[in-house]
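Data from protein-v2.csv: CSV, C-alpha atoms
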```csv
chain,number,residue,atom,x,y,z
O,154,MET,CA,96.9,113.0,124.8
O,155,THR,CA,95.5,111.4,121.6
O,156,LEU,CA,91.9,111.7,120.6
O,157,LEU,CA,90.8,108.6,122.4
O,158,ASP,CA,91.5,107.7,126.0
O,159,HIS,CA,90.7,104.2,127.1
O,160,THR,CA,89.7,105.5,130.5
O,161,ALA,CA,87.4,108.0,129.1
O,162,SER,CA,83.6,107.7,129.4
O,163,THR,CA,81.6,105.5,127.1
O,164,GLY,CA,78.5,106.3,129.0
O,165,THR,CA,75.6,104.2,130.3
O,166,ALA,CA,71.9,104.5,130.5
O,167,GLN,CA,72.3,105.9,134.0
O,168,GLY,CA,74.8,108.5,132.8
O,169,THR,CA,77.7,107.0,134.8
O,170,ARG,CA,81.2,107.2,133.3
O,171,GLN,CA,82.9,104.0,132.5
O,172,GLY,CA,86.1,103.1,130.6
O,173,PHE,CA,86.3,101.2,127.4
O,174,ASN,CA,87.2,97.8,128.9
O,175,THR,CA,84.5,98.1,131.6
O,176,THR,CA,81.9,98.8,128.9
O,177,ALA,CA,83.2,96.0,126.7
O,178,VAL,CA,82.7,93.5,129.5
O,179,HIS,CA,79.3,94.7,130.8
O,180,ALA,CA,77.3,96.6,128.1
O,181,GLY,CA,74.5,94.3,126.9
O,182,GLN,CA,76.1,91.4,128.8
O,183,GLU,CA,74.1,91.5,132.1
O,184,PRO,CA,73.9,88.2,134.0
O,185,ASP,CA,71.0,86.0,133.2
O,186,PRO,CA,68.0,87.2,135.4
O,187,LEU,CA,66.5,83.7,135.7
O,188,THR,CA,69.6,81.7,136.8
O,189,GLY,CA,72.2,84.4,137.7
O,190,ALA,CA,74.6,82.9,135.1
O,191,VAL,CA,77.5,85.4,134.7
O,192,VAL,CA,77.6,84.8,131.0
O,193,PRO,CA,74.2,85.4,129.3
O,194,PRO,CA,72.9,82.2,127.7
O,195,ILE,CA,72.9,81.5,124.0
O,196,TYR,CA,69.2,81.7,122.8
O,197,GLN,CA,69.5,79.0,120.2
O,198,THR,CA,65.9,79.3,119.0
O,199,SER,CA,64.2,80.3,115.9
O,200,THR,CA,60.9,81.4,117.4
O,201,PHE,CA,59.3,82.5,120.7
O,202,VAL,CA,56.0,81.6,122.4
O,203,GLN,CA,53.5,84.3,122.6
O,204,ASP,CA,51.2,85.0,125.6
O,205,GLY,CA,48.4,85.9,123.2
O,206,ILE,CA,48.1,86.9,119.6
O,207,ASN,CA,50.9,89.4,119.1
O,208,VAL,CA,51.5,89.6,122.8
O,209,LEU,CA,55.2,89.1,122.9
O,210,ARG,CA,57.5,88.3,125.8
O,211,GLY,CA,60.2,90.8,125.9
O,212,GLY,CA,59.4,91.9,122.4
O,213,HIS,CA,60.7,88.7,120.8
O,214,GLU,CA,58.7,87.0,118.1
O,215,TYR,CA,61.1,85.4,115.6
O,216,SER,CA,64.9,85.4,115.6
O,217,ARG,CA,65.2,87.1,112.3
O,218,GLY,CA,63.6,90.1,113.9
O,219,SER,CA,65.2,89.9,117.4
O,220,ASN,CA,67.1,87.5,119.5
O,221,PRO,CA,68.4,88.2,123.0
O,222,THR,CA,71.9,87.0,122.2
O,223,ARG,CA,72.2,89.1,119.1
O,224,ASN,CA,70.5,92.1,120.8
O,225,GLY,CA,73.1,91.9,123.6
O,226,PHE,CA,76.0,92.0,121.2
O,227,GLU,CA,74.4,94.9,119.3
O,228,THR,CA,74.0,96.9,122.5
O,229,GLN,CA,77.6,96.1,123.5
O,230,LEU,CA,79.0,97.2,120.1
O,231,ALA,CA,76.9,100.4,119.9
O,232,ALA,CA,78.2,101.4,123.3
O,233,LEU,CA,81.8,101.0,122.3
O,234,GLU,CA,81.4,102.9,119.0
O,235,HIS,CA,79.3,105.6,120.6
O,236,GLY,CA,76.5,104.9,118.2
O,237,SER,CA,72.7,105.1,118.7
O,238,ARG,CA,72.1,101.6,117.4
O,239,ALA,CA,74.1,98.6,116.1
O,240,PHE,CA,73.0,95.8,113.8
O,241,ALA,CA,74.7,92.4,113.5
O,242,PHE,CA,74.8,90.5,110.2
O,243,ALA,CA,75.9,87.2,108.9
O,244,SER,CA,79.1,88.7,107.3
O,245,GLY,CA,80.9,92.0,106.8
O,246,LEU,CA,79.6,92.2,103.2
O,247,ALA,CA,76.1,91.4,104.3
O,248,ALA,CA,76.4,94.4,106.7
O,249,GLU,CA,77.7,96.7,103.9
O,250,ASP,CA,75.0,95.6,101.5
O,251,ALA,CA,72.2,96.2,104.0
O,252,LEU,CA,73.6,99.7,104.8
O,253,LEU,CA,74.0,100.7,101.1
O,254,ARG,CA,70.6,99.4,100.1
O,255,SER,CA,69.2,101.4,103.1
O,256,VAL,CA,70.4,104.7,101.8
O,257,LEU,CA,71.0,104.4,98.1
O,258,ARG,CA,68.6,104.7,95.2
O,259,PRO,CA,69.2,103.9,91.4
O,260,GLY,CA,71.2,106.8,89.9
O,261,ASP,CA,73.0,107.6,93.1
O,262,HIS,CA,76.8,108.1,93.2
O,263,VAL,CA,79.3,106.9,95.7
O,264,VAL,CA,82.7,108.4,96.4
O,265,LEU,CA,84.7,105.3,97.2
O,266,GLY,CA,88.1,105.1,98.9
O,267,GLY,CA,90.5,103.7,96.2
O,268,ASP,CA,92.6,101.7,98.7
O,269,GLY,CA,90.3,99.4,100.6
O,270,TYR,CA,88.9,95.9,100.9
O,271,GLY,CA,88.4,94.2,97.5
O,272,GLY,CA,85.1,92.8,98.5
O,273,THR,CA,83.6,96.3,99.0
O,274,ASN,CA,84.8,97.3,95.6
O,275,ARG,CA,83.2,94.1,94.1
O,276,LEU,CA,79.9,94.8,95.9
O,277,ILE,CA,79.6,98.4,94.8
O,278,ASN,CA,80.8,97.7,91.2
O,279,GLY,CA,79.6,94.2,90.5
O,280,VAL,CA,76.4,94.0,92.5
O,281,LEU,CA,75.1,97.5,92.9
O,282,GLY,CA,76.5,98.8,89.6
O,283,PRO,CA,74.0,97.0,87.4
O,284,TRP,CA,71.2,98.5,89.6
O,285,GLY,CA,72.3,102.0,88.6
O,286,ILE,CA,74.8,102.9,91.4
O,287,GLN,CA,77.8,104.8,90.1
O,288,ASN,CA,81.1,105.3,91.9
O,289,THR,CA,84.3,107.3,91.7
O,290,PRO,CA,87.5,105.9,93.4
O,291,VAL,CA,89.7,108.5,95.2
O,292,ASP,CA,92.9,108.8,97.0
O,293,ILE,CA,91.7,108.6,100.6
O,294,THR,CA,94.6,110.8,101.9
O,295,ASP,CA,93.8,113.8,99.6
O,296,PRO,CA,90.7,115.7,100.8
O,297,THR,CA,90.9,118.0,97.7
O,298,ALA,CA,90.5,115.0,95.5
O,299,VAL,CA,87.7,113.7,97.6
O,300,ALA,CA,85.8,117.0,97.3
O,301,ALA,CA,86.4,117.1,93.6
O,302,ALA,CA,84.9,113.7,93.2
O,303,VAL,CA,81.6,114.7,94.7
O,304,ARG,CA,78.7,115.2,92.2
O,305,PRO,CA,76.3,117.8,93.6
O,306,GLY,CA,72.8,116.4,93.8
O,307,THR,CA,73.9,112.9,92.9
O,308,THR,CA,76.5,111.8,95.5
O,309,ALA,CA,74.7,110.1,98.3
O,310,VAL,CA,77.6,108.3,100.2
O,311,LEU,CA,81.2,108.8,100.8
O,312,TRP,CA,82.8,105.5,101.8
O,313,VAL,CA,86.3,105.2,103.3
O,314,GLU,CA,88.4,102.6,105.1
O,315,THR,CA,91.1,103.9,107.4
O,316,PRO,CA,93.6,102.5,108.0
O,317,SER,CA,93.2,101.2,104.5
O,318,ASN,CA,93.6,97.7,103.3
O,319,PRO,CA,96.3,96.8,102.4
O,320,LEU,CA,98.4,100.0,102.0
O,321,LEU,CA,97.6,101.4,105.5
O,322,GLY,CA,96.6,104.9,104.3
O,323,ILE,CA,95.1,107.3,106.8
O,324,ALA,CA,92.1,109.4,105.9
O,325,ASP,CA,91.3,112.6,107.7
O,326,LEU,CA,87.8,111.6,108.9
O,327,ALA,CA,86.8,115.1,110.1
O,328,ALA,CA,87.6,116.5,106.7
O,329,TRP,CA,85.8,113.6,104.9
O,330,ALA,CA,82.7,114.3,107.2
O,331,GLU,CA,82.8,118.0,106.4
O,332,ILE,CA,82.9,117.2,102.6
O,333,ALA,CA,80.1,114.7,102.9
O,334,HIS,CA,77.7,116.8,104.9
O,335,ARG,CA,78.4,119.9,102.8
O,336,ALA,CA,77.2,117.8,99.8
O,337,GLY,CA,74.1,116.5,101.7
O,338,ALA,CA,75.7,113.0,101.7
O,339,LEU,CA,76.5,110.4,104.3
O,340,LEU,CA,79.9,109.4,105.5
O,341,VAL,CA,80.4,105.7,106.0
O,342,VAL,CA,83.7,104.4,107.6
O,343,ASP,CA,84.9,100.9,107.6
O,344,ASN,CA,86.5,100.7,111.0
O,345,THR,CA,87.6,97.0,110.8
O,346,PHE,CA,91.3,97.6,110.9
O,347,ALA,CA,91.3,100.0,113.8
O,348,SER,CA,88.4,98.6,115.8
O,349,PRO,CA,86.5,100.8,118.3
O,350,TYR,CA,89.3,100.4,120.7
O,351,LEU,CA,91.6,102.5,118.6
O,352,GLN,CA,89.2,104.8,116.7
O,353,ARG,CA,85.6,106.0,116.9
O,354,PRO,CA,84.6,107.5,113.6
O,355,LEU,CA,81.2,108.6,114.8
O,356,ASP,CA,82.8,111.0,117.2
O,357,LEU,CA,84.6,112.5,114.2
O,358,GLY,CA,81.5,113.2,112.2
O,359,ALA,CA,80.8,109.9,110.4
O,360,ASP,CA,77.2,108.9,110.0
O,361,ALA,CA,77.7,105.1,110.0
O,362,VAL,CA,80.5,102.6,110.8
O,363,VAL,CA,80.8,99.1,109.3
O,364,HIS,CA,82.8,96.2,110.6
O,365,SER,CA,83.8,92.7,109.6
O,366,THR,CA,83.3,91.3,113.1
O,367,THR,CA,85.1,88.2,111.8
O,368,LYS,CA,88.3,90.2,112.3
O,369,TYR,CA,89.4,91.9,115.5
O,370,ILE,CA,86.0,92.0,117.2
O,371,GLY,CA,85.6,88.2,117.1
O,372,GLY,CA,89.4,88.0,117.4
O,373,HIS,CA,89.8,84.2,117.3
O,374,SER,CA,89.2,83.3,113.6
O,375,ASP,CA,86.2,81.2,114.6
O,376,VAL,CA,83.3,83.3,113.7
O,377,LEU,CA,81.9,85.0,110.5
O,378,GLY,CA,80.0,88.2,111.0
O,379,GLY,CA,79.5,91.9,110.2
O,380,ALA,CA,77.9,94.9,111.8
O,381,VAL,CA,76.6,98.4,111.1
O,382,VAL,CA,76.7,101.1,113.8
O,383,VAL,CA,74.8,104.3,113.1
O,384,ALA,CA,74.7,107.8,114.6
O,385,ASP,CA,71.4,109.3,115.6
O,386,ARG,CA,70.9,110.9,112.1
O,387,GLU,CA,68.2,111.1,109.5
O,388,TYR,CA,68.6,110.8,105.8
O,389,ARG,CA,66.0,111.2,103.1
O,390,GLY,CA,63.3,111.7,105.7
O,391,GLN,CA,64.0,108.5,107.7
O,392,GLY,CA,66.2,107.7,110.7
O,393,LEU,CA,69.3,105.7,109.8
O,394,ALA,CA,68.6,103.2,112.5
O,395,GLU,CA,65.1,102.7,111.2
O,396,ALA,CA,66.3,102.3,107.7
O,397,VAL,CA,69.0,99.8,108.5
O,398,GLY,CA,66.8,97.9,110.9
O,399,TYR,CA,64.2,97.5,108.2
O,400,GLN,CA,66.8,96.1,105.8
O,401,GLN,CA,68.1,93.7,108.5
O,402,PHE,CA,64.6,92.4,109.1
O,403,ALA,CA,63.2,92.4,105.5
O,404,ALA,CA,66.3,90.9,103.8
O,405,GLY,CA,67.2,88.7,106.7
O,406,ALA,CA,71.0,88.4,106.6
O,407,VAL,CA,71.2,88.4,110.4
O,408,ALA,CA,73.9,87.1,112.6
O,409,GLY,CA,72.8,83.8,114.3
O,410,PRO,CA,72.8,83.4,118.1
O,411,GLN,CA,76.0,81.3,118.2
O,412,ASP,CA,77.9,83.8,116.0
O,413,SER,CA,76.6,86.7,118.1
O,414,TYR,CA,77.7,85.0,121.2
O,415,LEU,CA,81.3,84.4,119.9
O,416,ALA,CA,81.5,88.1,118.7
O,417,ALA,CA,80.3,89.3,122.0
O,418,ARG,CA,82.8,87.1,123.8
O,419,GLY,CA,85.5,88.5,121.6
O,420,LEU,CA,84.6,92.1,122.3
O,421,LYS,CA,85.1,91.6,126.0
O,422,THR,CA,88.9,91.1,125.4
O,423,LEU,CA,89.3,93.5,122.5
O,424,GLY,CA,91.3,96.1,124.4
O,425,LEU,CA,93.7,93.5,125.8
O,426,ARG,CA,94.3,91.9,122.4
O,427,MET,CA,94.6,95.2,120.5
O,428,ASP,CA,97.3,96.3,122.9
O,429,ARG,CA,99.3,93.2,122.2
O,430,HIS,CA,98.6,93.2,118.4
O,431,GLY,CA,99.8,96.8,118.3
O,432,ALA,CA,102.9,96.3,120.4
O,433,ASN,CA,104.0,93.3,118.3
O,434,ALA,CA,103.3,95.1,115.0
O,435,ALA,CA,105.2,98.2,116.0
O,436,GLU,CA,108.3,96.2,116.9
O,437,LEU,CA,108.2,94.1,113.8
O,438,ALA,CA,107.6,97.1,111.6
O,439,GLY,CA,110.7,98.9,113.0
O,440,TRP,CA,112.8,95.7,112.6
O,441,LEU,CA,111.6,95.1,109.0
O,442,GLN,CA,112.7,98.6,108.0
O,443,GLY,CA,116.3,97.5,108.5
O,444,ARG,CA,116.1,94.4,106.5
O,445,PRO,CA,117.8,94.5,103.1
O,446,GLN,CA,115.2,92.3,101.5
O,447,ILE,CA,112.4,94.8,102.3
O,448,ALA,CA,112.0,97.8,100.0
O,449,GLN,CA,109.2,99.5,101.9
O,450,VAL,CA,107.2,99.1,105.1
O,451,TYR,CA,103.7,100.4,105.5
O,452,TYR,CA,102.7,101.0,109.2
O,453,PRO,CA,101.2,104.2,110.5
O,454,GLY,CA,103.1,103.9,113.7
O,455,LEU,CA,106.4,104.6,111.9
O,456,PRO,CA,107.4,108.3,112.0
O,457,GLU,CA,108.2,108.0,108.3
O,458,HIS,CA,104.7,107.0,107.4
O,459,PRO,CA,102.9,109.9,105.6
O,460,GLY,CA,99.9,109.5,107.8
O,461,HIS,CA,101.7,109.1,111.1
O,462,GLU,CA,100.9,112.6,112.5
O,463,LEU,CA,97.2,112.3,111.5
O,464,ALA,CA,96.9,108.7,112.9
O,465,SER,CA,98.5,109.9,116.2
O,466,ARG,CA,95.7,112.5,116.5
O,467,GLN,CA,92.8,110.5,115.2
O,468,MET,CA,93.6,107.1,116.7
O,469,ASP,CA,94.8,105.7,120.0
O,470,GLY,CA,97.3,103.3,118.7
O,471,TYR,CA,98.3,102.1,115.2
O,472,GLY,CA,96.9,98.6,114.9
O,473,GLY,CA,98.2,95.2,114.2
O,474,ILE,CA,98.6,95.2,110.4
O,475,VAL,CA,101.9,95.7,108.6
O,476,SER,CA,102.4,95.6,104.9
O,477,VAL,CA,105.7,95.3,103.1
O,478,ARG,CA,107.1,95.5,99.6
O,479,LEU,CA,109.9,93.1,98.7
O,480,ALA,CA,113.1,94.5,97.2
O,481,GLY,CA,113.2,91.3,95.0
O,482,GLY,CA,109.9,92.2,93.4
O,483,GLU,CA,106.9,89.8,92.7
O,484,ALA,CA,108.9,86.6,92.8
O,485,ALA,CA,110.4,87.5,96.2
O,486,ALA,CA,107.0,88.5,97.5
O,487,ARG,CA,105.4,85.2,96.4
O,488,ALA,CA,108.3,83.2,97.9
O,489,PHE,CA,108.2,85.1,101.2
O,490,ALA,CA,104.4,84.6,101.6
O,491,GLN,CA,104.9,80.9,101.2
O,492,SER,CA,108.0,80.5,103.4
O,493,THR,CA,106.8,81.4,106.9
O,494,GLU,CA,105.8,78.9,109.5
O,495,LEU,CA,104.2,80.8,112.4
O,496,PHE,CA,102.6,83.3,110.0
O,497,ALA,CA,100.0,81.1,108.3
O,498,LEU,CA,99.3,81.8,104.6
O,499,SER,CA,95.6,82.8,104.6
O,500,VAL,CA,93.1,85.5,103.8
O,501,SER,CA,91.4,87.4,106.7
O,502,LEU,CA,93.1,89.0,109.7
O,503,GLY,CA,92.6,90.1,113.2
O,504,GLY,CA,92.9,86.7,115.0
O,505,VAL,CA,95.2,85.9,117.8
O,506,GLU,CA,97.3,83.9,115.4
O,507,SER,CA,99.6,85.7,112.9
O,508,LEU,CA,98.6,85.4,109.2
O,509,ILE,CA,100.4,86.4,106.0
O,510,CYS,CA,98.7,87.2,102.7
O,511,TYR,CA,99.7,87.8,99.1
O,512,CYS,CA,97.0,90.3,98.5
O,513,SER,CA,97.3,90.7,94.7
O,514,GLU,CA,95.9,87.2,94.1
O,515,MET,CA,94.1,86.6,97.4
O,516,THR,CA,92.1,89.3,99.1
O,517,HIS,CA,92.3,91.8,96.2
O,518,ALA,CA,92.1,89.6,93.2
O,519,SER,CA,88.9,91.3,92.2
O,520,VAL,CA,90.7,94.6,91.3
O,521,ARG,CA,93.6,93.0,89.4
O,522,GLY,CA,94.1,94.7,86.1
O,523,THR,CA,92.4,97.9,87.2
O,524,ALA,CA,93.7,101.2,88.5
O,525,LEU,CA,93.1,99.9,92.0
O,526,GLU,CA,95.2,96.8,91.8
O,527,VAL,CA,97.6,96.0,94.7
O,528,PRO,CA,101.3,96.0,93.9
O,529,ALA,CA,102.5,92.5,93.0
O,530,ASP,CA,105.5,92.8,95.3
O,531,LEU,CA,103.4,93.5,98.4
O,532,VAL,CA,102.7,91.1,101.3
O,533,ARG,CA,100.3,91.9,104.2
O,534,LEU,CA,101.1,90.7,107.7
O,535,SER,CA,98.3,90.3,110.3
O,536,VAL,CA,100.5,90.3,113.5
O,537,GLY,CA,99.1,88.1,116.2
O,538,VAL,CA,99.6,88.0,119.9
O,539,GLU,CA,102.4,85.4,120.0
O,540,ASP,CA,105.8,86.2,121.5
O,541,VAL,CA,107.3,88.8,119.2
O,542,ALA,CA,110.8,87.2,119.3
O,543,ASP,CA,109.3,84.1,117.7
O,544,LEU,CA,107.5,86.0,115.1
O,545,GLN,CA,110.6,88.0,114.2
O,546,ALA,CA,112.6,84.7,113.9
O,547,ASP,CA,110.0,83.3,111.6
O,548,LEU,CA,110.0,86.3,109.4
O,549,GLU,CA,113.8,86.4,109.3
O,550,ALA,CA,114.1,82.8,108.3
O,551,ALA,CA,111.3,83.3,105.7
O,552,LEU,CA,113.1,86.3,104.2
O,553,GLU,CA,116.3,84.3,103.8
O,554,ARG,CA,114.4,81.4,102.2
O,555,ALA,CA,112.6,83.7,99.9
O,556,ALA,CA,115.8,85.3,98.7
O,557,ASP,CA,117.1,81.8,97.8
O,558,LEU,CA,113.8,80.8,96.1
O,559,SER,CA,113.4,84.0,94.1
O,560,ALA,CA,117.0,84.3,93.0
O,561,PRO,CA,117.4,83.8,89.2
O,562,ILE,CA,118.9,80.5,88.2
O,563,ARG,CA,122.4,80.8,86.7
O,564,ALA,CA,123.4,78.7,83.8
```

Would you mind writing the file out in structure tokens?
Amino acid sequence: MTLLDHTASTGTAQGTRQGFNTTAVHAGQEPDPLTGAVVPPIYQTSTFVQDGINVLRGGHEYSRGSNPTRNGFETQLAALEHGSRAFAFASGLAAEDALLRSVLRPGDHVVLGGDGYGGTNRLINGVLGPWGIQNTPVDITDPTAVAAAVRPGTTAVLWVETPSNPLLGIADLAAWAEIAHRAGALLVVDNTFASPYLQRPLDLGADAVVHSTTKYIGGHSDVLGGAVVVADREYRGQGLAEAVGYQQFAAGAVAGPQDSYLAARGLKTLGLRMDRHGANAAELAGWLQGRPQIAQVYYPGLPEHPGHELASRQMDGYGGIVSVRLAGGEAAARAFAQSTELFALSVSLGGVESLICYCSEMTHASVRGTALEVPADLVRLSVGVEDVADLQADLEAALERAADLSAPIRA
């Protein structure tokens, strides 16, 4: 059995044992006590009436501080990630920024996974760098390199995304956690690609998890959001939940009630969707391996993937992202990305519809020209939930068109 079992306990306040999908449907999503509505209402309000000066109904004063719709989503996500608290933000980067400002101080150092979301790299280098935050990028698959990058007394955070974006590298989270804690630092894991259905980093020793809830959690490409989920830990004399909660309230980049409702709705079907995403991705990855136009396929579900054995232990499935490198090089990759029909050319991922991305100039343009740049012959596929035969036919036709478009013109 793999590390995660979707029938395993997620726990409730009463100590009963419930499976992942049961928790996804019910945690924080109790029927409305006033009307009995099965779906909790959207509290589309900025402020709340008080019964006296600072006598609050249900603890609610102003929606930046708390809102029942957002609170319900946060309870739901914390239960699924096995965290002590979750905090919802207006975007994934807003969530990352709040967490980093909660735990970092000028002069601190971050060990940063070298293969990851370009926006995270931009945030840490371009926004936090001028405020005195230093970082060292590392190969996420090499624990020895990770340990060597730690600066004793200065490293405050180890940050890793696994599976990574877009090369689908797999980091050994237990090893990363040991290195972080030995250095007195925190381990933060971007769990966006896996989702809590496939991987729970807090169970493996991570201190905090971040998500772009825009992706698999929302699941329908109709909401922008982010989240931080923390373990019950202290750092620098303060609880992580207290520190992140303060940043959420003081800086105010909170998720609105409509966005929180859409993210909560998405979480209820996360397990169903991830099963289909993963099944489709696995079939397409195997098929793409046999195509002459493809030089390399990145998918941790393939036995040939260098992280396959680790992913099989650490995850309960391999996800819905497949990246490929084109045998025809950059020209072929560009042509392929612009030749599909069902796979829409777009940034983002994790929706029910399939997307295709030329990462070098789209999602990872911020690292072009650096040691972290994405190969120019690489294309990332976010495999949706459509019928896999239709997706395969679309890719096959696109590969043939790309071969024609990228072929050199003969005199």

Closest of O:Ala298, O:Ile332, O:Val477, O:Leu502 to Ala347 of chain O - atom-to-atom distances counting only C-alpha atoms: O:Leu502

Surrounding residues of segment 175-186 of chain O excluding itself and chain neighbours under 4 positions, 9 Å, all atoms listed in the file, as a PyMOL selection string: chain O and resi 163-165+171+190-194+222+224-230+232-233+417-418+420-424

Atom CA of Gly472 of chain O to atom CA of Phe346 of chain O, straight-line distance in Å: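 Separating atom CA of Phe346 of chain O from atom CA of Gly472 of chain O is a distance of 7.0 Å.
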
Spatial neighbours of Pro354 of chain O, max dist 8 Å, all atoms listed in the file, sep filter under 3 positions, as a list in words: Glu234, Leu326, Val342, Asn344, Leu357, Gly358, Ala359 and Val362 of chain O

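Nearest-residue note for Leu393 of chain O: choosing from O:Trp312, O:Tyr270, O:Phe240, O:Phe173, the minimum distance belongs to O:Phe240, counting all atoms listed in the file.
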
Gly211 of chain O environment, 10 Å, all atoms listed in the file, sequence neighbours closer than 2 positions dropped, as a PyMOL selection string: chain O and resi 201+203+208-209+213-214+219-221

Best match for closeness to Ala239 of chain O among O:Tyr471, O:Arg223, O:Val310, O:Ala380, counting only C-alpha atoms: O:Ala380

Contacts of Lys368 of chain O within 10 Å, all atoms listed in the file, excl. fewer than 2 positions in-chain, as number ranges by chain: O: 245, 345-346, 348, 364-366, 370-379, 416, 419, 501-505

Point-to-point distance in Å for atom CA of Asp292 of chain O and atom CA of Arg487 of chain O: 26.7 Å

Exercise: Asp325 of chain O partners within 8 Å, all atoms listed in the file, chain neighbours under 3 positions left out, as a PyMOL selection string: chain O and resi 294+296+328-329+463+467

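Interatomic distance, atom CA of Gly390 of chain O against atom CA of Val256 of chain O: 10.7 Å.
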
Cut-off 12 Å around (74.8, 75.2, 116.4) with all atoms listed in the file: residues as a ChimeraX atom specification: /O:195-199,409-415

Protein/DNA/RNA residues near (92.3, 105.1, 104.6), cut 10 Å, all atoms listed in the file, as number ranges by chain: O: 266-269, 292-294, 312-326, 342-344, 346, 460

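Taking all atoms listed in the file into account, Gly272 of chain O lies nearest to O:His517 out of the set O:Arg466, O:Arg353, O:His517, O:Arg254.
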
Top pick for closest residue to His458 of chain O, considering O:Gly439, O:Gly405, O:Gly271, O:Gly537 and counting all atoms listed in the file: O:Gly439

Residue among O:Tyr511, O:Asn274, O:Asp295, O:Thr367 lying closest to Pro459 of chain O, counting only C-alpha atoms: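 The closest residue to Pro459 of chain O is O:Asp295.
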